[in-house]
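Participant: Structure: model05.csv, CSV, N, CA and C atoms.
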```csv
chain,number,residue,atom,x,y,z
I,1,MET,N,14.8,5.6,-11.3
I,1,MET,CA,13.9,4.8,-12.1
I,1,MET,C,12.8,5.7,-12.7
I,2,THR,N,12.7,5.9,-14.0
I,2,THR,CA,11.7,6.8,-14.5
I,2,THR,C,10.6,6.0,-15.3
I,3,ASP,N,10.9,4.9,-15.8
I,3,ASP,CA,9.9,4.1,-16.5
I,3,ASP,C,9.2,3.1,-15.7
I,4,LEU,N,8.3,3.6,-14.8
I,4,LEU,CA,7.6,2.7,-13.9
I,4,LEU,C,6.3,2.2,-14.5
I,5,PRO,N,6.0,0.9,-14.3
I,5,PRO,CA,4.7,0.4,-14.8
I,5,PRO,C,3.5,1.0,-14.1
I,6,GLU,N,2.4,0.8,-14.6
I,6,GLU,CA,1.1,1.2,-13.9
I,6,GLU,C,1.0,0.4,-12.6
I,7,LYS,N,0.3,1.0,-11.7
I,7,LYS,CA,0.0,0.4,-10.4
I,7,LYS,C,-0.9,-0.8,-10.7
I,8,THR,N,-0.7,-1.9,-9.9
I,8,THR,CA,-1.5,-3.0,-9.9
I,8,THR,C,-2.5,-3.1,-8.7
I,9,CYS,N,-2.2,-2.2,-7.8
I,9,CYS,CA,-3.1,-2.2,-6.6
I,9,CYS,C,-3.0,-0.8,-5.9
I,10,SER,N,-3.8,-0.5,-5.0
I,10,SER,CA,-3.9,0.7,-4.3
I,10,SER,C,-2.8,0.8,-3.2
I,11,ILE,N,-2.3,2.0,-3.0
I,11,ILE,CA,-1.3,2.2,-1.9
I,11,ILE,C,-1.8,1.8,-0.5
I,12,GLU,N,-3.1,1.9,-0.3
I,12,GLU,CA,-3.7,1.5,0.9
I,12,GLU,C,-3.5,0.0,1.2
I,13,ARG,N,-3.3,-0.8,0.2
I,13,ARG,CA,-3.1,-2.2,0.4
I,13,ARG,C,-1.6,-2.6,0.6
I,14,LEU,N,-0.7,-1.7,0.6
I,14,LEU,CA,0.7,-2.0,0.7
I,14,LEU,C,1.1,-2.7,2.0
I,15,VAL,N,0.7,-2.2,3.1
I,15,VAL,CA,0.9,-2.8,4.4
I,15,VAL,C,-0.4,-3.0,5.1
I,16,THR,N,-0.9,-4.2,5.3
I,16,THR,CA,-2.2,-4.4,5.9
I,16,THR,C,-2.2,-5.3,7.1
I,17,HIS,N,-1.3,-6.3,7.1
I,17,HIS,CA,-1.4,-7.3,8.3
I,17,HIS,C,-1.0,-6.5,9.6
I,18,SER,N,-1.8,-6.8,10.6
I,18,SER,CA,-1.7,-6.1,11.9
I,18,SER,C,-0.3,-6.1,12.4
I,19,LYS,N,0.4,-7.3,12.4
I,19,LYS,CA,1.8,-7.4,12.9
I,19,LYS,C,2.7,-6.6,12.1
I,20,LEU,N,2.5,-6.5,10.8
I,20,LEU,CA,3.4,-5.7,9.9
I,20,LEU,C,3.1,-4.2,10.1
I,21,VAL,N,1.9,-3.8,10.3
I,21,VAL,CA,1.6,-2.4,10.6
I,21,VAL,C,2.3,-2.0,11.9
I,22,GLU,N,2.2,-2.9,12.9
I,22,GLU,CA,2.9,-2.6,14.2
I,22,GLU,C,4.4,-2.5,13.9
I,23,ALA,N,5.0,-3.3,13.1
I,23,ALA,CA,6.4,-3.3,12.8
I,23,ALA,C,6.8,-2.0,12.1
I,24,ALA,N,5.9,-1.5,11.2
I,24,ALA,CA,6.2,-0.3,10.5
I,24,ALA,C,6.1,0.9,11.5
I,25,LEU,N,5.1,0.9,12.3
I,25,LEU,CA,4.9,2.0,13.3
I,25,LEU,C,6.1,2.1,14.2
I,26,SER,N,6.7,0.9,14.6
I,26,SER,CA,7.8,0.9,15.5
I,26,SER,C,9.2,1.2,14.8
I,27,GLY,N,9.1,1.3,13.4
I,27,GLY,CA,10.3,1.5,12.7
I,27,GLY,C,11.1,0.3,12.3
I,28,ARG,N,10.6,-0.9,12.7
I,28,ARG,CA,11.3,-2.1,12.3
I,28,ARG,C,11.1,-2.5,10.9
I,29,LYS,N,10.0,-2.1,10.3
I,29,LYS,CA,9.6,-2.4,8.9
I,29,LYS,C,9.8,-1.2,8.0
I,30,THR,N,10.6,-1.3,7.0
I,30,THR,CA,10.9,-0.2,6.1
I,30,THR,C,10.8,-0.6,4.6
I,31,GLN,N,10.4,-1.9,4.4
I,31,GLN,CA,10.2,-2.4,3.0
I,31,GLN,C,9.0,-3.3,3.0
I,32,GLN,N,8.4,-3.3,1.7
I,32,GLN,CA,7.4,-4.3,1.5
I,32,GLN,C,7.5,-4.8,0.0
I,33,ARG,N,7.7,-6.1,-0.1
I,33,ARG,CA,7.8,-6.7,-1.4
I,33,ARG,C,6.4,-7.1,-1.8
I,34,ARG,N,6.2,-6.8,-3.1
I,34,ARG,CA,4.9,-7.2,-3.7
I,34,ARG,C,5.2,-7.7,-5.2
I,35,ASP,N,4.3,-8.4,-5.7
I,35,ASP,CA,4.5,-8.9,-7.1
I,35,ASP,C,4.0,-7.8,-8.1
I,36,GLY,N,3.5,-6.7,-7.6
I,36,GLY,CA,3.1,-5.6,-8.4
I,36,GLY,C,3.4,-4.3,-7.8
I,37,VAL,N,3.1,-3.2,-8.5
I,37,VAL,CA,3.4,-1.9,-8.0
I,37,VAL,C,2.2,-1.4,-7.2
I,38,TYR,N,2.4,-1.0,-6.0
I,38,TYR,CA,1.3,-0.5,-5.1
I,38,TYR,C,1.5,1.0,-4.9
I,39,ALA,N,2.7,1.5,-5.1
I,39,ALA,CA,3.0,2.9,-4.8
I,39,ALA,C,4.3,3.3,-5.5
I,40,TYR,N,4.3,4.6,-5.8
I,40,TYR,CA,5.5,5.2,-6.4
I,40,TYR,C,6.3,6.1,-5.4
I,41,PRO,N,7.6,6.3,-5.7
I,41,PRO,CA,8.3,7.2,-4.8
I,41,PRO,C,7.7,8.5,-4.6
I,42,ASN,N,7.7,9.0,-3.3
I,42,ASN,CA,7.2,10.3,-2.9
I,42,ASN,C,5.7,10.2,-2.6
I,43,GLU,N,5.0,9.1,-2.8
I,43,GLU,CA,3.6,8.9,-2.4
I,43,GLU,C,3.6,8.7,-0.9
I,44,THR,N,2.5,9.1,-0.3
I,44,THR,CA,2.4,8.9,1.2
I,44,THR,C,1.2,8.0,1.5
I,45,PHE,N,1.2,7.3,2.6
I,45,PHE,CA,0.1,6.5,3.1
I,45,PHE,C,0.1,6.6,4.6
I,46,ILE,N,-1.1,6.3,5.2
I,46,ILE,CA,-1.3,6.4,6.6
I,46,ILE,C,-1.5,5.1,7.2
I,47,LEU,N,-0.9,4.8,8.3
I,47,LEU,CA,-1.1,3.6,9.1
I,47,LEU,C,-1.4,4.0,10.6
I,48,GLU,N,-2.6,3.8,11.0
I,48,GLU,CA,-3.1,4.2,12.4
I,48,GLU,C,-2.7,5.6,12.7
I,49,GLY,N,-3.0,6.5,11.8
I,49,GLY,CA,-2.8,7.9,12.0
I,49,GLY,C,-1.3,8.4,11.7
I,50,GLN,N,-0.4,7.5,11.5
I,50,GLN,CA,1.0,7.9,11.2
I,50,GLN,C,1.2,7.9,9.7
I,51,GLU,N,1.8,9.0,9.3
I,51,GLU,CA,2.1,9.1,7.8
I,51,GLU,C,3.5,8.5,7.5
I,52,PHE,N,3.5,7.8,6.3
I,52,PHE,CA,4.7,7.2,5.8
I,52,PHE,C,4.9,7.7,4.4
I,53,ILE,N,6.1,7.8,3.9
I,53,ILE,CA,6.4,8.2,2.6
I,53,ILE,C,7.2,7.0,1.9
I,54,VAL,N,6.9,6.8,0.6
I,54,VAL,CA,7.6,5.8,-0.2
I,54,VAL,C,8.9,6.5,-0.7
I,55,THR,N,10.0,6.0,-0.3
I,55,THR,CA,11.3,6.6,-0.7
I,55,THR,C,11.9,6.1,-1.9
I,56,ASP,N,11.6,4.8,-2.3
I,56,ASP,CA,12.2,4.2,-3.5
I,56,ASP,C,11.3,3.0,-3.9
I,57,LEU,N,11.4,2.7,-5.1
I,57,LEU,CA,10.8,1.5,-5.7
I,57,LEU,C,11.8,0.8,-6.5
I,58,THR,N,12.2,-0.4,-6.1
I,58,THR,CA,13.2,-1.2,-6.9
I,58,THR,C,12.7,-2.5,-7.3
I,59,ARG,N,13.3,-3.0,-8.4
I,59,ARG,CA,12.9,-4.3,-8.9
I,59,ARG,C,14.0,-5.3,-8.5
I,60,GLU,N,13.7,-6.4,-7.9
I,60,GLU,CA,14.6,-7.4,-7.4
I,60,GLU,C,14.0,-8.8,-7.7
I,61,THR,N,14.7,-9.8,-7.3
I,61,THR,CA,14.1,-11.2,-7.3
I,61,THR,C,14.0,-11.6,-5.8
I,62,ILE,N,13.2,-12.5,-5.6
I,62,ILE,CA,13.0,-13.0,-4.2
I,62,ILE,C,14.3,-13.6,-3.7
I,63,GLY,N,15.1,-14.1,-4.6
I,63,GLY,CA,16.4,-14.7,-4.2
I,63,GLY,C,17.5,-13.6,-3.8
I,64,ASP,N,17.2,-12.4,-4.1
I,64,ASP,CA,18.1,-11.3,-3.7
I,64,ASP,C,18.0,-11.1,-2.2
I,65,MET,N,17.0,-11.6,-1.5
I,65,MET,CA,16.8,-11.4,-0.1
I,65,MET,C,17.8,-12.2,0.8
I,66,GLY,N,18.2,-11.5,1.9
I,66,GLY,CA,19.0,-12.2,2.9
I,66,GLY,C,18.3,-11.8,4.2
I,67,ASP,N,19.0,-12.0,5.3
I,67,ASP,CA,18.4,-11.7,6.6
I,67,ASP,C,18.2,-10.2,6.8
I,68,ALA,N,19.1,-9.4,6.3
I,68,ALA,CA,18.9,-7.9,6.4
I,68,ALA,C,17.6,-7.4,5.7
I,69,GLU,N,17.3,-8.0,4.5
I,69,GLU,CA,16.1,-7.6,3.8
I,69,GLU,C,14.9,-8.1,4.5
I,70,ALA,N,15.0,-9.3,5.1
I,70,ALA,CA,13.9,-9.9,5.8
I,70,ALA,C,13.6,-9.0,7.1
I,71,GLN,N,14.6,-8.6,7.7
I,71,GLN,CA,14.5,-7.7,8.9
I,71,GLN,C,13.8,-6.4,8.5
I,72,ALA,N,14.2,-5.8,7.3
I,72,ALA,CA,13.6,-4.6,6.8
I,72,ALA,C,12.1,-4.8,6.5
I,73,GLU,N,11.7,-6.1,6.3
I,73,GLU,CA,10.3,-6.5,6.0
I,73,GLU,C,9.6,-6.6,7.4
I,74,GLY,N,10.3,-6.6,8.5
I,74,GLY,CA,9.7,-6.7,9.8
I,74,GLY,C,9.8,-8.1,10.4
I,75,TYR,N,10.6,-9.0,9.8
I,75,TYR,CA,10.8,-10.3,10.3
I,75,TYR,C,12.2,-10.5,10.9
I,76,PRO,N,12.4,-11.4,11.9
I,76,PRO,CA,13.7,-11.6,12.5
I,76,PRO,C,14.8,-12.1,11.5
I,77,ASN,N,14.4,-12.9,10.5
I,77,ASN,CA,15.4,-13.5,9.6
I,77,ASN,C,14.7,-14.0,8.4
I,78,LEU,N,15.5,-14.4,7.4
I,78,LEU,CA,14.9,-14.8,6.1
I,78,LEU,C,14.1,-16.1,6.2
I,79,GLU,N,14.5,-17.0,7.0
I,79,GLU,CA,13.8,-18.3,7.2
I,79,GLU,C,12.4,-18.1,7.7
I,80,MET,N,12.3,-17.2,8.7
I,80,MET,CA,10.9,-16.9,9.3
I,80,MET,C,10.1,-16.2,8.2
I,81,TYR,N,10.7,-15.2,7.5
I,81,TYR,CA,9.9,-14.6,6.4
I,81,TYR,C,9.4,-15.6,5.4
I,82,LYS,N,10.3,-16.4,4.9
I,82,LYS,CA,9.9,-17.4,3.9
I,82,LYS,C,8.8,-18.3,4.5
I,83,ASN,N,9.0,-18.9,5.7
I,83,ASN,CA,7.9,-19.7,6.2
I,83,ASN,C,6.6,-19.1,6.3
I,84,LEU,N,6.6,-17.8,6.8
I,84,LEU,CA,5.3,-17.1,6.9
I,84,LEU,C,4.7,-16.8,5.6
I,85,ILE,N,5.5,-16.4,4.6
I,85,ILE,CA,5.0,-16.1,3.3
I,85,ILE,C,4.3,-17.3,2.7
I,86,LEU,N,5.0,-18.4,2.8
I,86,LEU,CA,4.5,-19.7,2.2
I,86,LEU,C,3.2,-20.1,2.9
I,87,LYS,N,3.2,-19.9,4.2
I,87,LYS,CA,2.0,-20.2,5.0
I,87,LYS,C,0.8,-19.3,4.6
I,88,MET,N,1.1,-18.0,4.4
I,88,MET,CA,0.0,-17.1,4.0
I,88,MET,C,-0.5,-17.3,2.6
I,89,HIS,N,0.3,-17.8,1.7
I,89,HIS,CA,0.0,-18.0,0.3
I,89,HIS,C,0.0,-19.5,0.0
I,90,LYS,N,-1.0,-20.2,0.4
I,90,LYS,CA,-1.1,-21.6,0.2
I,90,LYS,C,-0.8,-22.0,-1.3
I,91,GLY,N,0.0,-23.0,-1.5
I,91,GLY,CA,0.3,-23.5,-2.8
I,91,GLY,C,1.4,-22.7,-3.5
I,92,MET,N,1.9,-21.6,-2.9
I,92,MET,CA,3.0,-20.9,-3.5
I,92,MET,C,4.3,-21.6,-3.4
I,93,GLN,N,5.1,-21.6,-4.4
I,93,GLN,CA,6.4,-22.1,-4.4
I,93,GLN,C,7.4,-21.0,-4.2
I,94,TRP,N,8.5,-21.3,-3.4
I,94,TRP,CA,9.5,-20.3,-3.2
I,94,TRP,C,10.4,-20.3,-4.4
I,95,ASN,N,10.3,-19.4,-5.3
I,95,ASN,CA,11.1,-19.3,-6.5
I,95,ASN,C,12.1,-18.2,-6.4
I,96,GLU,N,13.3,-18.6,-6.3
I,96,GLU,CA,14.4,-17.6,-6.1
I,96,GLU,C,14.5,-16.6,-7.2
I,97,SER,N,14.1,-16.9,-8.4
I,97,SER,CA,14.2,-16.0,-9.6
I,97,SER,C,12.9,-15.2,-9.8
I,98,ALA,N,11.9,-15.4,-8.9
I,98,ALA,CA,10.6,-14.6,-9.1
I,98,ALA,C,10.9,-13.1,-8.9
I,99,PRO,N,10.5,-12.3,-9.8
I,99,PRO,CA,10.7,-10.9,-9.6
I,99,PRO,C,9.7,-10.3,-8.7
I,100,VAL,N,10.1,-9.3,-7.9
I,100,VAL,CA,9.2,-8.6,-7.0
I,100,VAL,C,9.6,-7.1,-7.0
I,101,TRP,N,8.6,-6.3,-6.7
I,101,TRP,CA,8.8,-4.8,-6.5
I,101,TRP,C,9.0,-4.6,-5.0
I,102,VAL,N,10.1,-3.9,-4.7
I,102,VAL,CA,10.4,-3.6,-3.3
I,102,VAL,C,10.1,-2.1,-3.1
I,103,HIS,N,9.1,-1.9,-2.3
I,103,HIS,CA,8.6,-0.6,-1.9
I,103,HIS,C,9.4,-0.2,-0.6
I,104,HIS,N,10.2,0.8,-0.7
I,104,HIS,CA,11.0,1.3,0.5
I,104,HIS,C,10.2,2.5,1.0
I,105,PHE,N,10.1,2.5,2.4
I,105,PHE,CA,9.4,3.7,3.0
I,105,PHE,C,9.9,4.0,4.3
I,106,LYS,N,9.5,5.2,4.8
I,106,LYS,CA,9.9,5.6,6.2
I,106,LYS,C,8.8,6.4,6.8
I,107,ARG,N,8.8,6.5,8.1
I,107,ARG,CA,7.8,7.4,8.8
I,107,ARG,C,8.1,8.8,8.5
I,108,VAL,N,7.0,9.6,8.4
I,108,VAL,CA,7.2,11.1,8.3
I,108,VAL,C,7.0,11.6,9.6
I,109,ASP,N,8.0,12.2,10.2
I,109,ASP,CA,7.9,12.7,11.6
I,109,ASP,C,7.8,14.3,11.6
```
Mind converting the file's structure to structure tokens?
Facilitator:
Amino acid sequence: MTDLPEKTCSIERLVTHSKLVEAALSGRKTQQRRDGVYAYPNETFILEGQEFIVTDLTRETIGDMGDAEAQAEGYPNLEMYKNLILKMHKGMQWNESAPVWVHHFKRVD
């Protein structure tokens, strides 16, 4: 992917919720979906002293998700991911065709 849009937010805001930080640190979380671009491939960020690198940035829809993608987000399954996202974002509708940017990352060891 070479024609990436401008960032809509800082990379430091990519993973912020304490439970998701914990999931990333343990290796259970390797993706973060956002409605904008927070980081580009090969950029790094730090969570509690641990460095992570963004390995890819892909464009998908929320409907492309299944249990495997929800687990890569740090959740046990899609249903739990969906319920927590809707709870965190009051008034949000679950729109299967809504586009999202998927930030793929891994720990730098």
Participant: If you run DSSP over the backbone, which residues in stretch 3-56 of chain I end up alpha helix (DSSP H)? Put them as a ChimeraX atom specification.
Facilitator: /I:18-26
Participant: Please check which residues have atoms at most 10 Å from (10.3, -14.1, -5.1) in the file's coordinates, counting only C-alpha atoms, and write them as a ChimeraX atom specification.
Facilitator: /I:33-35,60-65,82,93-101
Participant: Could those residues be written to a file, using N, CA and C atoms, as a PDB file, in the coordinates of the input?
Facilitator:
```
ATOM      1  N   ARG I  33       7.700  -6.100  -0.100  1.00  0.00           N
ATOM      2  CA  ARG I  33       7.800  -6.700  -1.400  1.00  0.00           C
ATOM      3  C   ARG I  33       6.400  -7.100  -1.800  1.00  0.00           C
ATOM      4  N   ARG I  34       6.200  -6.800  -3.100  1.00  0.00           N
ATOM      5  CA  ARG I  34       4.900  -7.200  -3.700  1.00  0.00           C
ATOM      6  C   ARG I  34       5.200  -7.700  -5.200  1.00  0.00           C
ATOM      7  N   ASP I  35       4.300  -8.400  -5.700  1.00  0.00           N
ATOM      8  CA  ASP I  35       4.500  -8.900  -7.100  1.00  0.00           C
ATOM      9  C   ASP I  35       4.000  -7.800  -8.100  1.00  0.00           C
ATOM     10  N   GLU I  60      13.700  -6.400  -7.900  1.00  0.00           N
ATOM     11  CA  GLU I  60      14.600  -7.400  -7.400  1.00  0.00           C
ATOM     12  C   GLU I  60      14.000  -8.800  -7.700  1.00  0.00           C
ATOM     13  N   THR I  61      14.700  -9.800  -7.300  1.00  0.00           N
ATOM     14  CA  THR I  61      14.100 -11.200  -7.300  1.00  0.00           C
ATOM     15  C   THR I  61      14.000 -11.600  -5.800  1.00  0.00           C
ATOM     16  N   ILE I  62      13.200 -12.500  -5.600  1.00  0.00           N
ATOM     17  CA  ILE I  62      13.000 -13.000  -4.200  1.00  0.00           C
ATOM     18  C   ILE I  62      14.300 -13.600  -3.700  1.00  0.00           C
ATOM     19  N   GLY I  63      15.100 -14.100  -4.600  1.00  0.00           N
ATOM     20  CA  GLY I  63      16.400 -14.700  -4.200  1.00  0.00           C
ATOM     21  C   GLY I  63      17.500 -13.600  -3.800  1.00  0.00           C
ATOM     22  N   ASP I  64      17.200 -12.400  -4.100  1.00  0.00           N
ATOM     23  CA  ASP I  64      18.100 -11.300  -3.700  1.00  0.00           C
ATOM     24  C   ASP I  64      18.000 -11.100  -2.200  1.00  0.00           C
ATOM     25  N   MET I  65      17.000 -11.600  -1.500  1.00  0.00           N
ATOM     26  CA  MET I  65      16.800 -11.400  -0.100  1.00  0.00           C
ATOM     27  C   MET I  65      17.800 -12.200   0.800  1.00  0.00           C
ATOM     28  N   LYS I  82      10.300 -16.400   4.900  1.00  0.00           N
ATOM     29  CA  LYS I  82       9.900 -17.400   3.900  1.00  0.00           C
ATOM     30  C   LYS I  82       8.800 -18.300   4.500  1.00  0.00           C
ATOM     31  N   GLN I  93       5.100 -21.600  -4.400  1.00  0.00           N
ATOM     32  CA  GLN I  93       6.400 -22.100  -4.400  1.00  0.00           C
ATOM     33  C   GLN I  93       7.400 -21.000  -4.200  1.00  0.00           C
ATOM     34  N   TRP I  94       8.500 -21.300  -3.400  1.00  0.00           N
ATOM     35  CA  TRP I  94       9.500 -20.300  -3.200  1.00  0.00           C
ATOM     36  C   TRP I  94      10.400 -20.300  -4.400  1.00  0.00           C
ATOM     37  N   ASN I  95      10.300 -19.400  -5.300  1.00  0.00           N
ATOM     38  CA  ASN I  95      11.100 -19.300  -6.500  1.00  0.00           C
ATOM     39  C   ASN I  95      12.100 -18.200  -6.400  1.00  0.00           C
ATOM     40  N   GLU I  96      13.300 -18.600  -6.300  1.00  0.00           N
ATOM     41  CA  GLU I  96      14.400 -17.600  -6.100  1.00  0.00           C
ATOM     42  C   GLU I  96      14.500 -16.600  -7.200  1.00  0.00           C
ATOM     43  N   SER I  97      14.100 -16.900  -8.400  1.00  0.00           N
ATOM     44  CA  SER I  97      14.200 -16.000  -9.600  1.00  0.00           C
ATOM     45  C   SER I  97      12.900 -15.200  -9.800  1.00  0.00           C
ATOM     46  N   ALA I  98      11.900 -15.400  -8.900  1.00  0.00           N
ATOM     47  CA  ALA I  98      10.600 -14.600  -9.100  1.00  0.00           C
ATOM     48  C   ALA I  98      10.900 -13.100  -8.900  1.00  0.00           C
ATOM     49  N   PRO I  99      10.500 -12.300  -9.800  1.00  0.00           N
ATOM     50  CA  PRO I  99      10.700 -10.900  -9.600  1.00  0.00           C
ATOM     51  C   PRO I  99       9.700 -10.300  -8.700  1.00  0.00           C
ATOM     52  N   VAL I 100      10.100  -9.300  -7.900  1.00  0.00           N
ATOM     53  CA  VAL I 100       9.200  -8.600  -7.000  1.00  0.00           C
ATOM     54  C   VAL I 100       9.600  -7.100  -7.000  1.00  0.00           C
ATOM     55  N   TRP I 101       8.600  -6.300  -6.700  1.00  0.00           N
ATOM     56  CA  TRP I 101       8.800  -4.800  -6.500  1.00  0.00           C
ATOM     57  C   TRP I 101       9.000  -4.600  -5.000  1.00  0.00           C
TER      58      TRP I 101
END
```
Participant: Enter the distance from atom N of I:Val108 to atom C of I:Thr58, in Å, rounded to one decimal.
Facilitator: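 Distance between the two atoms: 20.6 Å.
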Participant: Have a look at atom CA of I:Ile46 and atom CA of I:Arg107 and let me know their distance in Å, one decimal.
Facilitator: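 Answer for the atom CA of I:Ile46 to atom CA of I:Arg107 separation: 9.4 Å.
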Participant: Using the chain letters and numbers from this document, which residues of stretch 12-71 of chain I does DSSP assign to strand (DSSP E or B), as a list in words?
Facilitator: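 Checking each residue of stretch 12-71 of chain I, the strand (DSSP E or B) ones are Gln31, Gln32, Arg33, Arg34, Thr44, Phe45, Ile46, Leu47, Gln50, Glu51, Phe52, Ile53, Val54, Thr55, Asp56, Leu57, Thr58, Arg59, Glu60 and Thr61 of chain I.
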Participant: Which is closest to I:Glu48 among I:Ile11, I:Asp109, I:Met92, I:Val21, if we use only N, CA and C atoms?
Facilitator: I:Val21
Participant: Would you work out the distance separating atom CA of I:Leu20 from atom CA of I:Tyr81, expressed in Å to one decimal?
Facilitator: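 Computed distance, atom CA of I:Leu20 to atom CA of I:Tyr81, equals 11.6 Å.
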Participant: Which residue gives the smallest distance to I:His17 among I:Gly66, I:Asn83, I:Leu4, I:Gln32, with only C-alpha atoms counted?
Facilitator: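 Among I:Gly66, I:Asn83, I:Leu4, I:Gln32, it is I:Gln32 that comes nearest to I:His17.
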Participant: Excluding same-chain residues fewer than 6 positions from I:Asn77, what lies within 7 Å of it counting all atoms listed in the file, as a ChimeraX atom specification?
Facilitator: /I:66-68,70-71
Participant: Go through I:Tyr38, I:Ser10, I:Leu57, I:Ser26 and flag the residue nearest I:His104, using only N, CA and C atoms for the distances.
Facilitator: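 Of the candidates, the smallest distance to I:His104 is held by I:Leu57.
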Participant: Using all atoms listed in the file, which residues sit within 5 Å of I:Phe105 once same-chain residues fewer than 2 positions away are excluded, as a PDB file with N, CA and C atoms, keeping the file's coordinate frame?
Facilitator:
```pdb
ATOM      1  N   THR I  30      10.600  -1.300   7.000  1.00  0.00           N
ATOM      2  CA  THR I  30      10.900  -0.200   6.100  1.00  0.00           C
ATOM      3  C   THR I  30      10.800  -0.600   4.600  1.00  0.00           C
ATOM      4  N   GLN I  31      10.400  -1.900   4.400  1.00  0.00           N
ATOM      5  CA  GLN I  31      10.200  -2.400   3.000  1.00  0.00           C
ATOM      6  C   GLN I  31       9.000  -3.300   3.000  1.00  0.00           C
ATOM      7  N   ILE I  53       6.100   7.800   3.900  1.00  0.00           N
ATOM      8  CA  ILE I  53       6.400   8.200   2.600  1.00  0.00           C
ATOM      9  C   ILE I  53       7.200   7.000   1.900  1.00  0.00           C
ATOM     10  N   VAL I  54       6.900   6.800   0.600  1.00  0.00           N
ATOM     11  CA  VAL I  54       7.600   5.800  -0.200  1.00  0.00           C
ATOM     12  C   VAL I  54       8.900   6.500  -0.700  1.00  0.00           C
ATOM     13  N   THR I  55      10.000   6.000  -0.300  1.00  0.00           N
ATOM     14  CA  THR I  55      11.300   6.600  -0.700  1.00  0.00           C
ATOM     15  C   THR I  55      11.900   6.100  -1.900  1.00  0.00           C
ATOM     16  N   HIS I 103       9.100  -1.900  -2.300  1.00  0.00           N
ATOM     17  CA  HIS I 103       8.600  -0.600  -1.900  1.00  0.00           C
ATOM     18  C   HIS I 103       9.400  -0.200  -0.600  1.00  0.00           C
ATOM     19  N   ARG I 107       8.800   6.500   8.100  1.00  0.00           N
ATOM     20  CA  ARG I 107       7.800   7.400   8.800  1.00  0.00           C
ATOM     21  C   ARG I 107       8.100   8.800   8.500  1.00  0.00           C
TER      22      ARG I 107
END
```
